[in-house]
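A quick write-up on the structure given underneath.
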Amino acid sequence: MEKLAELDRKLFLFLNNLGSEQWDWMWIAISDKWMAIPLYALLLYLIFRKFGWRPTLITMVVITLLITATDQLANLFKHGFERPRPCRQEGVMEYARYVAERCGRFGYFSAHAANSTGVAVFLSLLFKKHYPKLFVFLLIWAVVVSYSRIYLGVHYPGDVLTGMLIGAIFGVLFHLLRKFLTAKILKKDLSQA
């Protein structure tokens with residue numbers, strides 16, 4: 001296990017030190033959750049256009065639950081494992097580029113990676129018939145957001161990969177939940193008509 005942790009530290013330092021000051025502002029912006037609002041607004045519009053208002057409301061609720069679930073699970077893991085973030089770990093922080101505005105105590109696993117990957121997988125499954133190429137864009141977006149956490153110096157690659165894996169699993173599960181709820185609610189609506 002220690003060899004894996006050492007590999008994670010070395011990979012972190014390599015990837016983190018690829019950055020340069022002239023690009024720091026961009027990676028800070030990418031990691032900022034509010035910067036994704038235009039993307040989310042466009043995706044919300046596409047959902048409404050393809051599915052109508054009731055399925056859109058169901059989708060919004062399910063995505064909110066998805067983000068809440070991945071976020072809270074990340075918090076449980078962080079306080080359960082208590083793995084220090086690279087910006088707080090001696091022997092690492094002295095050699096890393098710390099760019100983030102703040103550094104929490106524990107980092108395993110990355111909620112940013114889990115949230116962005118979960119939403120990307122969920123929406124890719126939702127739109128696979130209508131916009132099949134959207135998957136590539138959403139996957140790239142999730143990877144870029146996830147990498148930003150390494151660039152900023154607040155997560156190890158293992159934190160990010162675990163977050164992405166958990167996010168992908170939750171994305172599939174919550175997509176199934178949306179299908180179930182949509183079928184149940186729309187079936188109920190049809191029976192009352």
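As shown in the structure tokens, the chain order sets the letters A, B, ...; within each chain, residues go from 1, and ligands are also counted from 1 in the order they appear.
Every protein, DNA or RNA residue with an atom at most 9 Å from stretch 8-12 of chain A, where only C-alpha atoms count and chain neighbours fewer than 3 positions away do not, is listed here: A:Lys3, A:Leu4, A:Ala5, A:Leu15, A:Asn16, A:Asn17, A:Pro86, A:Val92, A:Ala96, A:Ile150, A:Tyr151, A:Gly153, A:His155, A:Tyr156, A:Pro157, A:Gly158.
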Would you mind exporting the chosen residues as an mmCIF file, in the first residue's frame, restricted to N, CA, C and O atoms?
```cif
data_model
loop_
_atom_site.group_PDB
_atom_site.id
_atom_site.type_symbol
_atom_site.label_atom_id
_atom_site.label_comp_id
_atom_site.auth_asym_id
_atom_site.auth_seq_id
_atom_site.Cartn_x
_atom_site.Cartn_y
_atom_site.Cartn_z
ATOM 1 N N LYS A 3 3.772 1.567 -1.393
ATOM 2 C CA LYS A 3 4.321 1.764 -2.741
ATOM 3 C C LYS A 3 3.314 2.501 -3.622
ATOM 4 O O LYS A 3 3.681 3.357 -4.423
ATOM 5 N N LEU A 4 2.047 2.158 -3.462
ATOM 6 C CA LEU A 4 0.988 2.818 -4.227
ATOM 7 C C LEU A 4 0.881 4.295 -3.828
ATOM 8 O O LEU A 4 0.749 5.174 -4.682
ATOM 9 N N ALA A 5 0.988 4.561 -2.529
ATOM 10 C CA ALA A 5 0.935 5.943 -2.048
ATOM 11 C C ALA A 5 2.131 6.737 -2.567
ATOM 12 O O ALA A 5 2.001 7.907 -2.941
ATOM 13 N N LEU A 15 2.579 15.808 -12.432
ATOM 14 C CA LEU A 15 1.444 16.481 -13.086
ATOM 15 C C LEU A 15 1.257 17.901 -12.568
ATOM 16 O O LEU A 15 0.983 18.826 -13.340
ATOM 17 N N ASN A 16 1.404 18.094 -11.285
ATOM 18 C CA ASN A 16 1.230 19.407 -10.683
ATOM 19 C C ASN A 16 2.281 20.394 -11.179
ATOM 20 O O ASN A 16 1.987 21.558 -11.449
ATOM 21 N N ASN A 17 3.510 19.930 -11.329
ATOM 22 C CA ASN A 17 4.597 20.815 -11.745
ATOM 23 C C ASN A 17 4.641 21.057 -13.249
ATOM 24 O O ASN A 17 5.504 21.800 -13.718
ATOM 25 N N PRO A 86 -2.312 17.018 -0.652
ATOM 26 C CA PRO A 86 -0.896 17.259 -0.955
ATOM 27 C C PRO A 86 -0.406 18.620 -0.457
ATOM 28 O O PRO A 86 0.757 18.762 -0.090
ATOM 29 N N VAL A 92 5.735 16.677 0.437
ATOM 30 C CA VAL A 92 5.062 16.902 -0.851
ATOM 31 C C VAL A 92 4.843 18.394 -1.061
ATOM 32 O O VAL A 92 5.200 18.947 -2.104
ATOM 33 N N ALA A 96 5.525 21.090 -4.406
ATOM 34 C CA ALA A 96 4.336 21.241 -5.259
ATOM 35 C C ALA A 96 4.060 22.710 -5.558
ATOM 36 O O ALA A 96 4.494 23.605 -4.828
ATOM 37 N N ILE A 150 -5.630 18.509 -9.396
ATOM 38 C CA ILE A 150 -4.204 18.166 -9.284
ATOM 39 C C ILE A 150 -3.368 19.410 -9.589
ATOM 40 O O ILE A 150 -2.431 19.737 -8.860
ATOM 41 N N TYR A 151 -3.723 20.104 -10.650
ATOM 42 C CA TYR A 151 -3.016 21.309 -11.057
ATOM 43 C C TYR A 151 -2.977 22.319 -9.912
ATOM 44 O O TYR A 151 -1.931 22.932 -9.650
ATOM 45 N N GLY A 153 -3.113 21.772 -6.809
ATOM 46 C CA GLY A 153 -2.341 21.283 -5.671
ATOM 47 C C GLY A 153 -3.152 20.756 -4.511
ATOM 48 O O GLY A 153 -2.624 20.603 -3.404
ATOM 49 N N HIS A 155 -5.366 17.834 -4.681
ATOM 50 C CA HIS A 155 -5.709 16.406 -4.715
ATOM 51 C C HIS A 155 -4.622 15.604 -5.419
ATOM 52 O O HIS A 155 -4.015 16.067 -6.383
ATOM 53 N N TYR A 156 -4.434 14.395 -4.923
ATOM 54 C CA TYR A 156 -3.562 13.425 -5.579
ATOM 55 C C TYR A 156 -4.319 12.787 -6.751
ATOM 56 O O TYR A 156 -5.558 12.769 -6.754
ATOM 57 N N PRO A 157 -3.588 12.222 -7.724
ATOM 58 C CA PRO A 157 -4.265 11.509 -8.816
ATOM 59 C C PRO A 157 -5.179 10.388 -8.319
ATOM 60 O O PRO A 157 -6.251 10.171 -8.877
ATOM 61 N N GLY A 158 -4.787 9.701 -7.258
ATOM 62 C CA GLY A 158 -5.638 8.640 -6.705
ATOM 63 C C GLY A 158 -6.957 9.177 -6.175
ATOM 64 O O GLY A 158 -8.000 8.531 -6.312
#
```
Report task. List every residue of stretch 6-185 of chain A that DSSP, applied to the backbone, labels as helix (DSSP H, G or I), and write the result as a VMD selection string. Result -> chain A and resid 6 to 16 21 to 31 33 to 51 53 to 81 86 to 88 111 to 127 134 to 151 157 to 185
**Report entry** Contacts of A:Arg88 within 9 Å, only C-alpha atoms, excl. fewer than 4 positions in-chain, as a PyMOL selection string
**Finding:** chain A and resi 84+92-93+103-106+154
How would the residues just chosen look if you wrote them out with N, CA, C and O atoms as a PDB file, in the first residue's frame?
```
ATOM      1  N   PRO A  84      -4.218  13.315   4.283  1.00  0.00           N
ATOM      2  CA  PRO A  84      -3.940  14.731   4.073  1.00  0.00           C
ATOM      3  C   PRO A  84      -3.872  15.079   2.583  1.00  0.00           C
ATOM      4  O   PRO A  84      -3.436  14.274   1.765  1.00  0.00           O
ATOM      5  N   VAL A  92       5.735  16.677   0.437  1.00  0.00           N
ATOM      6  CA  VAL A  92       5.062  16.902  -0.851  1.00  0.00           C
ATOM      7  C   VAL A  92       4.843  18.394  -1.061  1.00  0.00           C
ATOM      8  O   VAL A  92       5.200  18.947  -2.104  1.00  0.00           O
ATOM      9  N   MET A  93       4.299  19.060  -0.050  1.00  0.00           N
ATOM     10  CA  MET A  93       3.919  20.465  -0.214  1.00  0.00           C
ATOM     11  C   MET A  93       5.113  21.367  -0.513  1.00  0.00           C
ATOM     12  O   MET A  93       4.974  22.386  -1.176  1.00  0.00           O
ATOM     13  N   CYS A 103      -7.013  25.329   1.080  1.00  0.00           N
ATOM     14  CA  CYS A 103      -6.685  23.902   1.075  1.00  0.00           C
ATOM     15  C   CYS A 103      -7.329  23.259   2.293  1.00  0.00           C
ATOM     16  O   CYS A 103      -6.989  23.577   3.431  1.00  0.00           O
ATOM     17  N   GLY A 104      -8.283  22.376   2.048  1.00  0.00           N
ATOM     18  CA  GLY A 104      -8.923  21.660   3.145  1.00  0.00           C
ATOM     19  C   GLY A 104      -7.940  20.698   3.806  1.00  0.00           C
ATOM     20  O   GLY A 104      -6.816  20.522   3.356  1.00  0.00           O
ATOM     21  N   ARG A 105      -8.397  20.041   4.842  1.00  0.00           N
ATOM     22  CA  ARG A 105      -7.503  19.136   5.578  1.00  0.00           C
ATOM     23  C   ARG A 105      -7.300  17.803   4.866  1.00  0.00           C
ATOM     24  O   ARG A 105      -6.178  17.348   4.718  1.00  0.00           O
ATOM     25  N   PHE A 106      -8.405  17.182   4.459  1.00  0.00           N
ATOM     26  CA  PHE A 106      -8.317  15.831   3.914  1.00  0.00           C
ATOM     27  C   PHE A 106      -8.807  15.807   2.469  1.00  0.00           C
ATOM     28  O   PHE A 106      -9.665  16.591   2.079  1.00  0.00           O
ATOM     29  N   VAL A 154      -4.435  20.448  -4.739  1.00  0.00           N
ATOM     30  CA  VAL A 154      -5.288  20.046  -3.616  1.00  0.00           C
ATOM     31  C   VAL A 154      -5.689  18.570  -3.618  1.00  0.00           C
ATOM     32  O   VAL A 154      -6.293  18.109  -2.644  1.00  0.00           O
TER      33      VAL A 154
END
```
Requested in this report: Find the residues near stretch 45-62 of chain A: any atom within 7 Å, counting only C-alpha atoms, skip ones fewer than 5 places away on the same chain, and give them as a VMD selection string.
Outcome: chain A and resid 174 178 182
Go ahead and dump the residues you just picked, C-alpha atoms, as a CSV table (one decimal), in the first residue's frame.
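Result written to result32.csv:
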```csv
chain,number,residue,atom,x,y,z
A,174,PHE,CA,-29.1,8.0,-10.8
A,178,ARG,CA,-34.6,9.1,-13.3
A,182,THR,CA,-40.1,9.4,-15.1
```
**Report entry** Pick from A:Asn75, A:Thr68, A:Ser146, A:Gln22 nearest to A:Leu161, counting only C-alpha atoms
**Finding:**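 For A:Leu161, the nearest of the candidates is A:Ser146.
Here the question is which of A:Leu7, A:Ala183, A:Leu18, A:Ile30 gets nearest to A:Arg97 using only C-alpha atoms, and that residue is A:Leu18.
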Report task. Between A:Ala36, A:Lys129, A:Tyr98, A:Ser20, single out the one closest to A:Trp141, counting only C-alpha atoms. Result ->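 Of A:Ala36, A:Lys129, A:Tyr98, A:Ser20, the one nearest A:Trp141, counting only C-alpha atoms, is A:Ala36.
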**Report entry** Counting only C-alpha atoms, the residue of A:Leu152, A:Leu76, A:Ile63, A:Leu176 that sits nearest A:Ala120
**Finding:** A:Ile63
Query raised in the report: Skipping near chain neighbours, those fewer than 6 positions away, what residues fall within 10 Å of A:Gly163 using only C-alpha atoms, listed as a ChimeraX atom specification?
Result: /A:70-71,73-74,108-118,146,157,169
Mind writing the picked residues with all heavy atoms as a short mmCIF file (atom, residue, chain, number, x, y, z; two decimals), in the first residue's frame?
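So the final result, stored in again-v3.cif, reads:
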```cif
data_model
loop_
_atom_site.label_atom_id
_atom_site.label_comp_id
_atom_site.auth_asym_id
_atom_site.auth_seq_id
_atom_site.Cartn_x
_atom_site.Cartn_y
_atom_site.Cartn_z
N THR A 70 -22.87 12.31 -4.17
CA THR A 70 -21.42 12.19 -4.39
C THR A 70 -20.65 13.12 -3.46
O THR A 70 -19.60 12.75 -2.92
CB THR A 70 -21.04 12.48 -5.86
OG1 THR A 70 -21.55 13.76 -6.25
CG2 THR A 70 -21.57 11.41 -6.79
N ASP A 71 -21.19 14.31 -3.26
CA ASP A 71 -20.54 15.29 -2.38
C ASP A 71 -20.48 14.79 -0.94
O ASP A 71 -19.43 14.86 -0.29
CB ASP A 71 -21.31 16.61 -2.47
CG ASP A 71 -20.44 17.80 -2.21
OD1 ASP A 71 -19.39 17.92 -2.87
OD2 ASP A 71 -20.79 18.61 -1.33
N LEU A 73 -20.82 11.66 0.13
CA LEU A 73 -19.99 10.46 0.23
C LEU A 73 -18.51 10.85 0.25
O LEU A 73 -17.72 10.27 1.01
CB LEU A 73 -20.28 9.49 -0.93
CG LEU A 73 -19.53 8.16 -0.86
CD1 LEU A 73 -19.91 7.38 0.40
CD2 LEU A 73 -19.81 7.33 -2.11
N ALA A 74 -18.14 11.84 -0.55
CA ALA A 74 -16.75 12.33 -0.53
C ALA A 74 -16.39 12.84 0.86
O ALA A 74 -15.29 12.57 1.37
CB ALA A 74 -16.55 13.42 -1.58
N TYR A 108 -9.19 12.53 0.32
CA TYR A 108 -9.59 11.29 -0.35
C TYR A 108 -11.08 11.06 -0.19
O TYR A 108 -11.55 10.82 0.91
CB TYR A 108 -8.84 10.08 0.22
CG TYR A 108 -9.13 8.81 -0.54
CD1 TYR A 108 -8.54 8.59 -1.77
CD2 TYR A 108 -10.03 7.88 -0.05
CE1 TYR A 108 -8.82 7.43 -2.48
CE2 TYR A 108 -10.31 6.72 -0.75
CZ TYR A 108 -9.70 6.51 -1.96
OH TYR A 108 -9.98 5.36 -2.67
N PHE A 109 -11.83 11.20 -1.22
CA PHE A 109 -11.60 11.39 -2.63
C PHE A 109 -12.12 12.75 -3.09
O PHE A 109 -12.78 13.45 -2.33
CB PHE A 109 -12.24 10.25 -3.46
CG PHE A 109 -13.74 10.13 -3.29
CD1 PHE A 109 -14.60 10.84 -4.10
CD2 PHE A 109 -14.29 9.30 -2.33
CE1 PHE A 109 -15.97 10.72 -3.98
CE2 PHE A 109 -15.66 9.19 -2.19
CZ PHE A 109 -16.50 9.89 -3.02
N SER A 110 -11.85 13.09 -4.34
CA SER A 110 -12.21 14.40 -4.87
C SER A 110 -13.70 14.51 -5.19
O SER A 110 -14.21 13.81 -6.07
CB SER A 110 -11.41 14.69 -6.13
OG SER A 110 -11.92 15.83 -6.80
N ALA A 111 -14.39 15.39 -4.48
CA ALA A 111 -15.82 15.63 -4.76
C ALA A 111 -15.99 16.31 -6.11
O ALA A 111 -16.96 16.03 -6.83
CB ALA A 111 -16.43 16.49 -3.66
N HIS A 112 -15.06 17.19 -6.50
CA HIS A 112 -15.13 17.83 -7.82
C HIS A 112 -15.13 16.76 -8.92
O HIS A 112 -15.92 16.81 -9.87
CB HIS A 112 -13.94 18.77 -8.05
CG HIS A 112 -14.12 20.14 -7.50
ND1 HIS A 112 -13.99 20.42 -6.16
CD2 HIS A 112 -14.40 21.31 -8.12
CE1 HIS A 112 -14.17 21.70 -5.97
NE2 HIS A 112 -14.43 22.28 -7.15
N ALA A 113 -14.21 15.79 -8.80
CA ALA A 113 -14.12 14.73 -9.80
C ALA A 113 -15.38 13.87 -9.80
O ALA A 113 -15.90 13.52 -10.87
CB ALA A 113 -12.88 13.87 -9.54
N ALA A 114 -15.88 13.55 -8.62
CA ALA A 114 -17.09 12.71 -8.53
C ALA A 114 -18.30 13.44 -9.10
O ALA A 114 -19.08 12.86 -9.86
CB ALA A 114 -17.34 12.32 -7.07
N ASN A 115 -18.47 14.70 -8.74
CA ASN A 115 -19.62 15.46 -9.21
C ASN A 115 -19.60 15.64 -10.72
O ASN A 115 -20.60 15.40 -11.40
CB ASN A 115 -19.67 16.84 -8.53
CG ASN A 115 -19.96 16.77 -7.06
OD1 ASN A 115 -20.48 15.79 -6.56
ND2 ASN A 115 -19.61 17.82 -6.36
N SER A 116 -18.46 16.10 -11.25
CA SER A 116 -18.41 16.37 -12.69
C SER A 116 -18.54 15.09 -13.50
O SER A 116 -19.24 15.06 -14.52
CB SER A 116 -17.12 17.12 -13.06
OG SER A 116 -15.97 16.40 -12.70
N THR A 117 -17.92 14.01 -13.06
CA THR A 117 -18.03 12.74 -13.78
C THR A 117 -19.43 12.16 -13.64
O THR A 117 -19.99 11.64 -14.62
CB THR A 117 -16.98 11.73 -13.28
OG1 THR A 117 -15.69 12.32 -13.40
CG2 THR A 117 -17.03 10.44 -14.08
N GLY A 118 -20.01 12.25 -12.45
CA GLY A 118 -21.38 11.75 -12.25
C GLY A 118 -22.37 12.45 -13.16
O GLY A 118 -23.18 11.82 -13.83
N SER A 146 -11.51 17.46 -13.30
CA SER A 146 -10.82 16.57 -12.37
C SER A 146 -9.33 16.88 -12.31
O SER A 146 -8.73 16.96 -11.23
CB SER A 146 -11.06 15.11 -12.76
OG SER A 146 -12.43 14.81 -12.70
N PRO A 157 -3.59 12.22 -7.72
CA PRO A 157 -4.26 11.51 -8.82
C PRO A 157 -5.18 10.39 -8.32
O PRO A 157 -6.25 10.17 -8.88
CB PRO A 157 -3.11 10.95 -9.65
CG PRO A 157 -1.98 11.91 -9.40
CD PRO A 157 -2.14 12.33 -7.96
N ILE A 169 -20.18 5.56 -11.40
CA ILE A 169 -21.15 4.60 -10.85
C ILE A 169 -22.44 5.30 -10.44
O ILE A 169 -23.54 4.86 -10.79
CB ILE A 169 -20.53 3.82 -9.66
CG1 ILE A 169 -19.41 2.91 -10.16
CG2 ILE A 169 -21.60 3.03 -8.91
CD1 ILE A 169 -18.53 2.34 -9.07
#
```
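Here atom CA of A:Tyr95 stands at a distance of 23.6 Å from atom CA of A:Thr162.
The shortest atom-to-atom distance to A:Arg83, with only C-alpha atoms taken into account, belongs to A:Gly107 out of A:Gly107, A:Glu6, A:Met26, A:Leu44.
Of the residues under consideration (A:Ser148, A:Leu186, A:Ala69, A:His79), A:Ala69 shows the shortest atom-to-atom contact distance to A:Phe170 when counting only C-alpha atoms.
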